[in-house]
Amino acid sequence: MSTLEFEISEYERRLEKAQRLMGERKIDALLIATYSNFRYFTGHTTHRWMQVSAPTFAIVPKKGRPIALVPGIEAGRISTNPWLAEFRTIKGYVNIGVPEVAGALRDLKVDRGTIGCESGPGFRLGIPVGDFIAIQKALPHATFVDAKDVFWGLRVPKSKPELDYLERAVKMTDQALQDLYRTAKPGMTEKQLFQRMVGSVMAAGAEWPGSIPVGSRSPGEALPADSHLRLQTDRKIKEGDLVWLDAGCISNGYWSDFMRMFTLGKAQAKWKSAYRFIYEATHACIEEAKPGAPVSNSIARFQKMVRASPFAELADGLKVKRIAHGVGLDLIEPPSLSFDDQTILEPGTVLTIEPSIYTPDVGFFMIEEDVVVTESGPKIISDPAPPELREVG
């Protein structure tokens, strides 16, 4: 049986806003091939999003409920979905879904209209480029346009039910981190710490583990790979090492994503100092995440702090970097807290705020918090990192 993750009223809210935005853009239908948008509009969940040979599609018409197109193996479950107006099955193993999608668009009488697609920043089509071209060729009189402003206009500000799922993912991740602090010890490898985090978030009830890179560094080391978040290795962590990890999981499709650092045993004084700076910088950036403010305010404040710090040589490099991003059904969503992004923040936007520094002498330092922009200002929903570098064991 299909169980919707939200009340029907939530899907009705999404559809009403989508169709209003479509009307403003003069878009006759949305063609959806990415799993996050498919799930957002249809309420149907499947593990087949990871199978490139089993695409799922949805079409949102300018009037009426969405139509889903899925592999035949999904038919039994999706047939019980109480939200969808209709579903169709996809057949074949070559040009999968092309004739069915083209046929559905003809049936909706939009084959001479304007069809909005996921062709803009933040999206990767869930079908081969050749199949997308084949759909366009099958509908030679239709106009295909980028509808990123429709999709992100809907998905960037989160509703209360969406925020509930996201905060649940955050709590699961916080719990897993507490377990890790209690059990981490010298001799464990980076991969073992990663495996422990994955096991803990899954035991806490996560749908999937999130992005969990783990790195470590000994005093005196200056490895090029340790200048940023990186993939965990078989390196054994020693007494006195610095450990950093990006932690997260997925609850009903919604991601948590925040960064923590600690040492096994006593920390070096220069590590404590660098950590304290990045802690203060992170909270300064969070203060700037206010409704009605441009997202670039945060990075401008961070750059000012860096210029006045022992890390002043890093300030100019921030001109082409970002220090935060949105998060939701995708790990990385708009906006990007960079100088190039002038998005005005609105309530319901969720950000992972993560300014960082790196020098060969000190190493890589970053903490990250999950933050919701509310009517009254920013609200940290992750259990905040401590102001002093955590010493474990």
# chains A, B, ... in the order shown; residues from 1 in each chain; ligands from 1
>>> residues_around(residues="A:His283", least_positions_apart="5", cutoff="9 Å", atoms="only C-alpha atoms", output="ChimeraX atom specification")
/A:278,288,353,369
>>> write_last_selection(atoms="N, CA and C atoms", output="CSV table (one decimal), in the first residue's frame")
chain,number,residue,atom,x,y,z
A,278,ILE,N,36.7,30.0,14.1
A,278,ILE,CA,35.7,29.6,13.1
A,278,ILE,C,34.3,29.4,13.8
A,288,GLU,N,23.5,37.0,10.4
A,288,GLU,CA,23.1,37.7,9.2
A,288,GLU,C,22.0,37.1,8.3
A,353,ILE,N,25.1,26.6,7.3
A,353,ILE,CA,26.1,27.7,7.3
A,353,ILE,C,27.4,27.1,7.8
A,369,GLU,N,26.3,24.5,10.9
A,369,GLU,CA,25.0,24.4,11.6
A,369,GLU,C,23.8,24.4,10.6
>>> residues_around(residues="A:Lys321", least_positions_apart="5", cutoff="10 Å", atoms="only C-alpha atoms", output="list in words")
Ile299, Asp316, Ser336, Leu337, Ser338, Phe339, Asp340 and Pro355 of chain A
>>> atom_distance(atom1="atom CA of A:Val214", atom2="atom CA of A:Glu287")
27.9 Å
>>> closest_residue(among="A:Tyr11, A:Tyr40, A:Trp271, A:Phe277", to="A:Gly253", atoms="only C-alpha atoms")
A:Tyr40
>>> residues_around(residues="A:Phe144", least_positions_apart="4", cutoff="8 Å", atoms="only C-alpha atoms", output="list of chain:residue names")
A:Thr114, A:Ile115, A:Gly116, A:Cys117, A:Gln136
>>> select_by_dssp(residues="stretch 184-354 of chain A", states="helix (DSSP H, G or I)", output="PyMOL selection string")
chain A and resi 190-203+224-227+269-287+296-307+312-314+316-320
>>> atom_distance(atom1="atom CA of A:Ala54", atom2="atom CA of A:Val98")
12.4 Å
>>> residues_around(residues="A:Leu345", least_positions_apart="2", cutoff="12 Å", atoms="only C-alpha atoms", output="ChimeraX atom specification")
/A:153,156-157,288-298,325-326,334-337,341-343,347-351,372-375,377-378
>>> write_last_selection(atoms="C-alpha atoms", output="compact mmCIF listing (two decimals), in the first residue's frame")
# COMPACT_ATOMS: atom_id res chain seq x y z
CA GLY A 153 10.24 29.06 -5.82
CA VAL A 156 13.27 26.74 -1.09
CA PRO A 157 10.82 28.03 1.55
CA GLU A 288 23.11 37.72 9.17
CA ALA A 289 20.61 35.10 7.93
CA LYS A 290 17.56 37.29 8.51
CA PRO A 291 14.33 37.45 6.51
CA GLY A 292 14.48 40.22 3.95
CA ALA A 293 18.30 40.29 3.88
CA PRO A 294 20.43 39.28 0.87
CA VAL A 295 22.27 36.02 1.40
CA SER A 296 25.56 37.75 0.55
CA ASN A 297 25.48 39.62 3.89
CA SER A 298 26.84 36.52 5.65
CA HIS A 325 23.86 26.47 0.89
CA GLY A 326 20.23 25.52 1.14
CA PRO A 334 19.63 27.23 -3.49
CA PRO A 335 20.54 29.70 -2.25
CA SER A 336 24.36 29.83 -2.12
CA LEU A 337 25.75 32.26 0.45
CA ASP A 341 24.04 35.28 -5.07
CA GLN A 342 21.78 38.21 -4.18
CA THR A 343 18.77 36.10 -3.20
CA PRO A 347 11.00 32.59 6.19
CA GLY A 348 11.11 28.80 5.85
CA THR A 349 14.46 28.75 4.04
CA VAL A 350 16.84 26.18 5.53
CA LEU A 351 20.58 26.83 5.31
CA VAL A 372 15.99 27.90 9.60
CA VAL A 373 15.16 31.47 8.62
CA THR A 374 12.09 32.46 10.64
CA GLU A 375 9.97 35.62 10.76
CA GLY A 377 15.39 35.74 12.59
CA PRO A 378 17.67 32.70 12.24
>>> residues_around(residues="A:Leu314", least_positions_apart="6", cutoff="10 Å", atoms="only C-alpha atoms", output="ChimeraX atom specification")
/A:303,306-307,356-359
>>> atom_distance(atom1="atom CA of A:Gly72", atom2="atom CA of A:Thr89")
5.1 Å
>>> closest_residue(among="A:Met366, A:Val170, A:Ile96, A:Ala147", to="A:Met261", atoms="only C-alpha atoms")
A:Met366
>>> closest_residue(among="A:Arg48, A:Lys238, A:Lys270, A:Lys304", to="A:Leu389", atoms="only C-alpha atoms")
A:Lys270
>>> residues_around(residues="A:Val201", least_positions_apart="3", cutoff="9 Å", atoms="only C-alpha atoms", output="ChimeraX atom specification")
/A:169,172-177,196-198,204-210,248-250
>>> decode(residues="stretch 57-169 of chain A", atoms="C-alpha atoms", output="compact mmCIF listing (two decimals), in the first residue's frame")
# COMPACT_ATOMS: atom_id res chain seq x y z
CA PHE A 57 8.41 10.89 -14.53
CA ALA A 58 5.65 13.24 -13.47
CA ILE A 59 3.70 15.82 -15.39
CA VAL A 60 2.08 18.75 -13.63
CA PRO A 61 -0.64 20.27 -15.86
CA LYS A 62 -1.82 23.85 -15.53
CA LYS A 63 -5.13 22.46 -14.26
CA GLY A 64 -5.76 19.27 -12.32
CA ARG A 65 -3.56 16.92 -10.32
CA PRO A 66 -0.17 15.50 -11.38
CA ILE A 67 0.21 12.43 -13.58
CA ALA A 68 2.96 9.90 -12.77
CA LEU A 69 4.74 7.61 -15.25
CA VAL A 70 6.59 4.72 -13.62
CA PRO A 71 8.08 1.30 -14.45
CA GLY A 72 5.52 -1.49 -14.44
CA ILE A 73 7.01 -2.96 -11.25
CA GLU A 74 5.81 0.16 -9.40
CA ALA A 75 2.24 -0.12 -10.68
CA GLY A 76 0.80 -2.13 -7.80
CA ARG A 77 1.96 0.27 -5.14
CA ILE A 78 1.33 3.53 -6.96
CA SER A 79 -2.20 2.42 -7.82
CA THR A 80 -3.12 2.96 -4.15
CA ASN A 81 -1.81 6.55 -4.08
CA PRO A 82 -4.82 8.69 -3.09
CA TRP A 83 -3.33 11.94 -4.36
CA LEU A 84 -2.52 11.26 -8.01
CA ALA A 85 -5.07 11.91 -10.73
CA GLU A 86 -3.57 9.19 -12.90
CA PHE A 87 -0.53 7.01 -13.38
CA ARG A 88 0.83 5.29 -16.48
CA THR A 89 3.38 2.53 -16.82
CA ILE A 90 6.56 2.72 -18.83
CA LYS A 91 7.58 -0.18 -21.03
CA GLY A 92 10.75 -1.23 -22.80
CA TYR A 93 14.48 -0.96 -22.20
CA VAL A 94 15.52 1.48 -24.93
CA ASN A 95 14.46 5.15 -24.93
CA ILE A 96 12.68 4.30 -21.68
CA GLY A 97 9.60 6.45 -21.20
CA VAL A 98 9.98 8.53 -24.36
CA PRO A 99 6.78 7.38 -26.12
CA GLU A 100 4.76 7.36 -22.91
CA VAL A 101 5.84 10.86 -21.87
CA ALA A 102 5.22 12.25 -25.36
CA GLY A 103 1.83 10.54 -25.46
CA ALA A 104 0.79 11.93 -22.07
CA LEU A 105 1.74 15.45 -23.11
CA ARG A 106 -0.28 15.06 -26.32
CA ASP A 107 -3.27 13.78 -24.32
CA LEU A 108 -3.05 16.88 -22.13
CA LYS A 109 -3.10 18.95 -25.34
CA VAL A 110 0.15 20.72 -24.54
CA ASP A 111 2.05 19.35 -27.54
CA ARG A 112 1.83 22.85 -29.03
CA GLY A 113 2.29 24.61 -25.72
CA THR A 114 5.13 25.54 -23.36
CA ILE A 115 6.61 22.79 -21.23
CA GLY A 116 8.74 23.66 -18.20
CA CYS A 117 11.75 21.42 -17.52
CA GLU A 118 14.47 20.85 -14.93
CA SER A 119 17.25 22.21 -17.11
CA GLY A 120 18.57 24.99 -14.87
CA PRO A 121 21.07 25.24 -12.00
CA GLY A 122 20.65 22.69 -9.24
CA PHE A 123 19.15 19.99 -11.46
CA ARG A 124 20.45 17.01 -13.37
CA LEU A 125 17.86 15.35 -15.60
CA GLY A 126 16.99 11.87 -14.39
CA ILE A 127 17.09 10.55 -17.96
CA PRO A 128 19.78 10.41 -20.67
CA VAL A 129 20.24 13.59 -22.65
CA GLY A 130 19.43 11.59 -25.78
CA ASP A 131 16.04 10.59 -24.37
CA PHE A 132 15.23 14.19 -23.51
CA ILE A 133 16.12 15.20 -27.07
CA ALA A 134 13.92 12.36 -28.35
CA ILE A 135 10.97 13.71 -26.34
CA GLN A 136 11.51 17.14 -27.87
CA LYS A 137 11.67 15.67 -31.37
CA ALA A 138 8.46 13.73 -30.72
CA LEU A 139 6.75 17.05 -29.93
CA PRO A 140 8.15 19.38 -32.61
CA HIS A 141 5.58 22.10 -32.05
CA ALA A 142 6.08 22.35 -28.27
CA THR A 143 8.41 24.86 -26.63
CA PHE A 144 10.62 23.49 -23.84
CA VAL A 145 11.82 26.05 -21.28
CA ASP A 146 13.82 26.07 -18.06
CA ALA A 147 11.43 26.19 -15.09
CA LYS A 148 14.00 26.42 -12.28
CA ASP A 149 12.30 29.51 -10.83
CA VAL A 150 9.05 27.55 -10.51
CA PHE A 151 10.66 24.53 -8.86
CA TRP A 152 12.92 26.45 -6.48
CA GLY A 153 10.24 29.06 -5.82
CA LEU A 154 8.24 26.19 -4.37
CA ARG A 155 10.94 24.18 -2.67
CA VAL A 156 13.27 26.74 -1.09
CA PRO A 157 10.82 28.03 1.55
CA LYS A 158 9.79 24.95 3.52
CA SER A 159 6.35 24.37 5.00
CA LYS A 160 5.88 23.40 8.65
CA PRO A 161 5.40 19.69 7.78
CA GLU A 162 8.60 19.75 5.71
CA LEU A 163 10.51 21.39 8.55
CA ASP A 164 9.27 18.69 10.92
CA TYR A 165 10.90 15.98 8.77
CA LEU A 166 14.07 17.97 8.38
CA GLU A 167 14.33 18.56 12.13
CA ARG A 168 13.77 14.85 12.69
CA ALA A 169 16.79 14.11 10.47
